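Visitor: Could you have a look at this structure, given as structure tokens, before my questions?
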Amino acid sequence: MSAILPAVHVDMGEDKLGKYFLPWQMAWILDDARLRLAEKSVRVGWTYADAFKNVRKRLHEKNRDYLFATKDQTSAAEYMRTCGQMAEVFNLTRSIRSRGELVQKVSGKGPDGATVTMEVRFCYMKFTNGSRILAFSSNPFAMAVYGGDVGLDEYAKHPQQELLWETAQGRIRMGYDLGMWSAHNGTDTLFYQFAQEARAGKGGWSYHRLTMPDAVAGGLVEKINKWRGTNFTREQFLADCKNDARLPEIYEQTYLCNPSGSTSAMVAWGQIASCQQDYAIERIHLEAGQVTELFGEYEAGSSEVRRRRIGQWVQAVFPKLFEARAQHRLGFDVAASGEGDLACIYIDRKEAPKLRLAALFTCRTEDWDFLKSVLWAFHRNVTGLQSAGDETGLGRQICWETAKEFPGIFKPFNFAGGKHDLGFGLMNQLSVGEKVFPRGEPDVAQDYFSLRKIYSGKRWVFTEGRNLLNAASHGDIAWAGALASHADAGAVYVPLPMVFENTRWSRAVAARGDRRIEG
């Protein structure tokens, strides 16, 4: 310890502390946000930095407790030992009034719902200024009688995350703060949900992320060599991490912050993350009230004028899409509700063998005429279009009309009989990275991840889960994306005039060149 932190004192400034801590440790130590979250690799010194942060904070502030919770009593005791070492480094052990271990009785709900009383152990360190550090094990009720700053160590591995969060979030109500850090432990964890929030800039979190390659690039190996007297190279150290992990999914989760998918997820999160790229798309969402405000209520006598206005609006908000001379694939997931699921039009640009999301339109409205007008505006103005839509239930009429208006371009799809094939095709496409969408639209990735699969008999059964970043979508964006992929299946080039010369809109679009139709 002294080899790493020689002559460190409690009031040392950022410039000097930076000599002794690695960049990500400094970022955590100096982050005073009310809510902090870090998804991280194992063994990168995060808890070590947190011990420094909170010994320092207790010494700076009177009567301010720190409530540290971790997965077991051994880890709680180890954290407190590290805190004691930090106090020694500060040469401020005289500021510690007492430390040790106590047994406390707490009450909580048992598995059957009945209230039970339990004895729990926790470690404590009391300072002469009235502040304390209390380190609790896995019992979610242990900190219930205290208030103060909260730290949740390796939260994804805590056996009762929901109950612990219920207790922990209440401890910080009186102006305290909370930090949470962990390596992942699958995707069916509350930590994973919070990490998705934080990564998307939601939930009020100050967000940190550190993979093992990032840590190595930041100087971890050199720090280990100095501390342990070893002589690892960076390449050797990373190779050992991979070899010791044995399985690729373990390496991804343990060292690269990519959690292994639950057994019910369509594909693992790491595969979905590999489909994300850094680029922008044209996207718009309208609620029912906005539709009425923009275009008024539908009236039969003025419907054609209204439809032209809607078509002009669509062209105005998706200019890059309509200017692009490329092949496009459109998927239409039908919904007609002012408050429920999304109606979604998902448009991919064909970049063989990949399909790249280029534009996304969503709305919640019961205005069927508006939905049809938007859908037809895309069909009349997007080059090289092939499309498919959900004709199941409510979508039957609009899909029938669209297929008649745009023969050979639009094909209705019946979810009731074909959902297995649609889901299986999408699963394969996501697995090999042939479905691309922007990293800056995280709810799209989350929607794909919300799709679930169950193997029943001789086939997969696909369902939808919860989109943590877009509560209105229950797989609607993802299924629209699947329909866009379905529209691409089996398409061949045929000169447009040969096929559409008798349609009402062919002359208006013939100048745009060939379109793909189903062979």
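Following the order of the structure tokens, chains are lettered A, B, ..., residues in each are numbered from 1, and ligands are numbered from 1.
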Run DSSP on the backbone and give me the residues of segment 215-274 of chain A it puts in alpha helix (DSSP H), as an MDAnalysis selection string.

Guide: chainID A and resid 215:217 220:228 234:245 248:256 269:273

Visitor: Need to verify the contact set: Ala51 of chain A, 10 Å, only C-alpha atoms, exclusion of same-chain residues closer than 3 positions in sequence. Can you return it as a tab-separated table (two decimals) with C-alpha atoms, in the first residue's frame?

Guide:
```
chain	number	residue	atom	x	y	z
A	29	ILE	CA	-12.97	9.88	-6.30
A	46	TRP	CA	-12.74	0.39	-8.13
A	47	THR	CA	-13.58	-0.56	-4.55
A	48	TYR	CA	-10.08	0.49	-3.52
A	54	ASN	CA	-15.10	7.83	1.54
A	55	VAL	CA	-12.45	7.87	4.23
A	56	ARG	CA	-11.48	11.26	2.83
A	57	LYS	CA	-15.10	12.40	2.79
A	68	PHE	CA	-21.52	0.40	2.29
A	79	TYR	CA	-13.64	-3.13	2.55
A	80	MET	CA	-13.32	-1.99	6.14
A	81	ARG	CA	-9.75	-3.29	6.26
A	82	THR	CA	-8.97	-1.19	3.17
A	83	CYS	CA	-10.52	1.85	4.86
A	84	GLY	CA	-8.25	1.27	7.84
A	85	GLN	CA	-5.24	1.18	5.53
A	86	MET	CA	-6.35	4.46	3.97
A	87	ALA	CA	-6.50	6.08	7.39
A	133	ILE	CA	-18.40	4.07	7.85
A	151	GLY	CA	-22.27	2.62	-1.70
```

Visitor: DSSP on the backbone: which residues in segment 380-504 of chain A end up as strand (DSSP E)? Give the answer as a ChimeraX atom specification.

Guide: /A:385-390,410-413,435-438,451-456,459-464,491-494

Visitor: Please dump the current selection as a PDB file, in the first residue's frame; keep C-alpha atoms.

Guide:
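The result, stored in selection.pdb:
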```pdb
ATOM      1  CA  LEU A 385     -38.441   0.515 -51.934  1.00  0.00           C
ATOM      2  CA  GLN A 386     -39.631  -2.909 -50.890  1.00  0.00           C
ATOM      3  CA  SER A 387     -41.956  -3.095 -47.905  1.00  0.00           C
ATOM      4  CA  ALA A 388     -43.957  -5.356 -45.612  1.00  0.00           C
ATOM      5  CA  GLY A 389     -46.583  -4.718 -42.981  1.00  0.00           C
ATOM      6  CA  ASP A 390     -48.449  -6.525 -40.229  1.00  0.00           C
ATOM      7  CA  PHE A 410     -45.806  -3.919 -50.467  1.00  0.00           C
ATOM      8  CA  LYS A 411     -46.505  -7.387 -49.113  1.00  0.00           C
ATOM      9  CA  PRO A 412     -48.839  -8.019 -46.163  1.00  0.00           C
ATOM     10  CA  PHE A 413     -47.517 -10.333 -43.465  1.00  0.00           C
ATOM     11  CA  LYS A 435     -28.884  -5.434 -38.844  1.00  0.00           C
ATOM     12  CA  VAL A 436     -27.325  -2.024 -38.127  1.00  0.00           C
ATOM     13  CA  PHE A 437     -28.766   0.825 -36.039  1.00  0.00           C
ATOM     14  CA  PRO A 438     -27.312   3.967 -34.448  1.00  0.00           C
ATOM     15  CA  LEU A 451     -37.674  -9.704 -27.715  1.00  0.00           C
ATOM     16  CA  ARG A 452     -37.725 -13.079 -25.981  1.00  0.00           C
ATOM     17  CA  LYS A 453     -37.547 -16.629 -27.272  1.00  0.00           C
ATOM     18  CA  ILE A 454     -38.740 -19.903 -25.779  1.00  0.00           C
ATOM     19  CA  TYR A 455     -38.023 -23.242 -27.419  1.00  0.00           C
ATOM     20  CA  SER A 456     -41.276 -25.165 -27.561  1.00  0.00           C
ATOM     21  CA  ARG A 459     -39.637 -24.396 -32.925  1.00  0.00           C
ATOM     22  CA  TRP A 460     -38.863 -21.096 -31.245  1.00  0.00           C
ATOM     23  CA  VAL A 461     -41.743 -19.076 -29.849  1.00  0.00           C
ATOM     24  CA  PHE A 462     -41.035 -15.331 -29.829  1.00  0.00           C
ATOM     25  CA  THR A 463     -42.587 -12.808 -27.457  1.00  0.00           C
ATOM     26  CA  GLU A 464     -41.936  -9.243 -26.291  1.00  0.00           C
ATOM     27  CA  ALA A 491     -35.803  -9.265 -53.808  1.00  0.00           C
ATOM     28  CA  VAL A 492     -34.412  -9.069 -57.345  1.00  0.00           C
ATOM     29  CA  TYR A 493     -33.808  -6.123 -59.645  1.00  0.00           C
ATOM     30  CA  VAL A 494     -36.486  -5.559 -62.300  1.00  0.00           C
TER      31      VAL A 494
END
```

Visitor: Determine, counting only C-alpha atoms, which protein, DNA and RNA residues have an atom within 9 Å of an atom of Leu238 of chain A; residues of the same chain fewer than 3 positions away are not included. Present the result as a ChimeraX atom specification.

Guide: /A:212-213,216,233-235,241-243

Visitor: Using C-alpha atoms, can you write the selected residues to a file as an mmCIF file, in the first residue's frame?

Guide:
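Below is the file that was written, out19.cif:
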```cif
data_model
loop_
_atom_site.group_PDB
_atom_site.id
_atom_site.type_symbol
_atom_site.label_atom_id
_atom_site.label_comp_id
_atom_site.auth_asym_id
_atom_site.auth_seq_id
_atom_site.Cartn_x
_atom_site.Cartn_y
_atom_site.Cartn_z
ATOM 1 C CA MET A 212 -10.233 -4.323 -18.911
ATOM 2 C CA PRO A 213 -8.626 -3.200 -22.226
ATOM 3 C CA VAL A 216 -4.750 -1.679 -19.375
ATOM 4 C CA THR A 233 3.420 -6.891 -20.449
ATOM 5 C CA ARG A 234 0.101 -5.413 -21.454
ATOM 6 C CA GLU A 235 -0.352 -8.031 -24.174
ATOM 7 C CA CYS A 241 -7.561 -12.617 -18.866
ATOM 8 C CA LYS A 242 -8.910 -14.333 -21.992
ATOM 9 C CA ASN A 243 -7.278 -17.667 -21.211
#
```

Visitor: Can you list, as a list in words, every protein, DNA or RNA residue that comes within 8 Å of Asn381 of chain A when you count only C-alpha atoms, leaving out same-chain residues fewer than 2 positions away?

Guide: Gln315, Phe322, Ala377, Phe378, His379, Thr383 and Val509 of chain A

Visitor: Write out as a tab-separated table a residue-level contact list of segment 194-280 of chain A versus segment 343-366 of chain A with cut-off 10 Å: for each qualifying residue the closest pair of atoms and the distance in Å to one decimal, counting only C-alpha atoms, rows sorted by chain and residue number upward.

Guide:
```
residue	atom	partner	partner_atom	distance
A:Cys275	CA	A:Arg356	CA	9.4
A:Gln276	CA	A:Arg356	CA	9.8
A:Gln277	CA	A:Arg356	CA	9.5
A:Tyr279	CA	A:Ala358	CA	9.6
A:Ala280	CA	A:Ala358	CA	8.1
```

Visitor: Based on the selection just made, write C-alpha atoms of those residues as a PDB file, in the first residue's frame.

Guide:
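Result file selection_4.pdb:
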```
ATOM      1  CA  CYS A 275     -24.942  -3.987 -34.377  1.00  0.00           C
ATOM      2  CA  GLN A 276     -24.715  -0.419 -33.068  1.00  0.00           C
ATOM      3  CA  GLN A 277     -22.637   2.113 -34.998  1.00  0.00           C
ATOM      4  CA  TYR A 279     -24.148   7.652 -37.163  1.00  0.00           C
ATOM      5  CA  ALA A 280     -27.377   9.674 -37.174  1.00  0.00           C
TER       6      ALA A 280
END
```

Visitor: How many Å lie between atom CA of Asn91 of chain A and atom CA of Tyr20 of chain A, rounded to one decimal?

Guide: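 Value for the atom CA of Asn91 of chain A-atom CA of Tyr20 of chain A distance: 16.3 Å.
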
Visitor: For each of A:Ser75, A:Leu59, A:Val89, A:Val432, take the minimum atom-to-atom distance to Lys126 of chain A, counting only C-alpha atoms, then give the residue where this is smallest.

Guide: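 Checking each candidate against Lys126 of chain A, we get A:Leu59 as the closest.
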
Visitor: What is the atom CA of Thr70 of chain A to atom CA of Asn185 of chain A distance in Å?

Guide: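 Atom-to-atom, atom CA of Thr70 of chain A to atom CA of Asn185 of chain A, that is 14.4 Å.
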
Visitor: Between atom CA of Gly204 of chain A and atom CA of Ala33 of chain A, what is the distance in Å, rounded to a tenth?

Guide: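 Value for the atom CA of Gly204 of chain A-atom CA of Ala33 of chain A distance: 9.1 Å.
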
Visitor: Name all residues at most 7 Å from Glu39 of chain A (count only C-alpha atoms; drop same-chain ones fewer than 5 positions away) and give them as an NGL selection string.

Guide: :A and (181-183 or 195 or 208-210 or 257)

Visitor: Can I get the selected residues back with N, CA and C atoms, as a PDB file, in the first residue's frame?

Guide:
```
ATOM      1  N   TRP A 181     -21.527   0.301  -8.235  1.00  0.00           N
ATOM      2  CA  TRP A 181     -20.559  -0.177  -9.232  1.00  0.00           C
ATOM      3  C   TRP A 181     -20.546  -1.701  -9.221  1.00  0.00           C
ATOM      4  N   SER A 182     -20.303  -2.278 -10.403  1.00  0.00           N
ATOM      5  CA  SER A 182     -20.347  -3.730 -10.489  1.00  0.00           C
ATOM      6  C   SER A 182     -19.869  -4.195 -11.852  1.00  0.00           C
ATOM      7  N   ALA A 183     -19.335  -5.403 -11.894  1.00  0.00           N
ATOM      8  CA  ALA A 183     -19.259  -6.150 -13.144  1.00  0.00           C
ATOM      9  C   ALA A 183     -20.641  -6.753 -13.380  1.00  0.00           C
ATOM     10  N   ALA A 195     -27.920   0.323 -15.481  1.00  0.00           N
ATOM     11  CA  ALA A 195     -26.814   0.630 -16.390  1.00  0.00           C
ATOM     12  C   ALA A 195     -27.332   1.086 -17.744  1.00  0.00           C
ATOM     13  N   HIS A 208     -20.176   5.969 -15.426  1.00  0.00           N
ATOM     14  CA  HIS A 208     -18.787   5.552 -15.655  1.00  0.00           C
ATOM     15  C   HIS A 208     -18.806   4.147 -16.264  1.00  0.00           C
ATOM     16  N   ARG A 209     -17.850   3.890 -17.155  1.00  0.00           N
ATOM     17  CA  ARG A 209     -17.729   2.553 -17.755  1.00  0.00           C
ATOM     18  C   ARG A 209     -16.261   2.250 -17.988  1.00  0.00           C
ATOM     19  N   LEU A 210     -15.831   1.050 -17.593  1.00  0.00           N
ATOM     20  CA  LEU A 210     -14.422   0.696 -17.724  1.00  0.00           C
ATOM     21  C   LEU A 210     -14.276  -0.777 -18.057  1.00  0.00           C
ATOM     22  N   CYS A 257     -17.671  -5.714 -19.994  1.00  0.00           N
ATOM     23  CA  CYS A 257     -18.931  -5.041 -19.639  1.00  0.00           C
ATOM     24  C   CYS A 257     -20.071  -5.400 -20.579  1.00  0.00           C
TER      25      CYS A 257
END
```
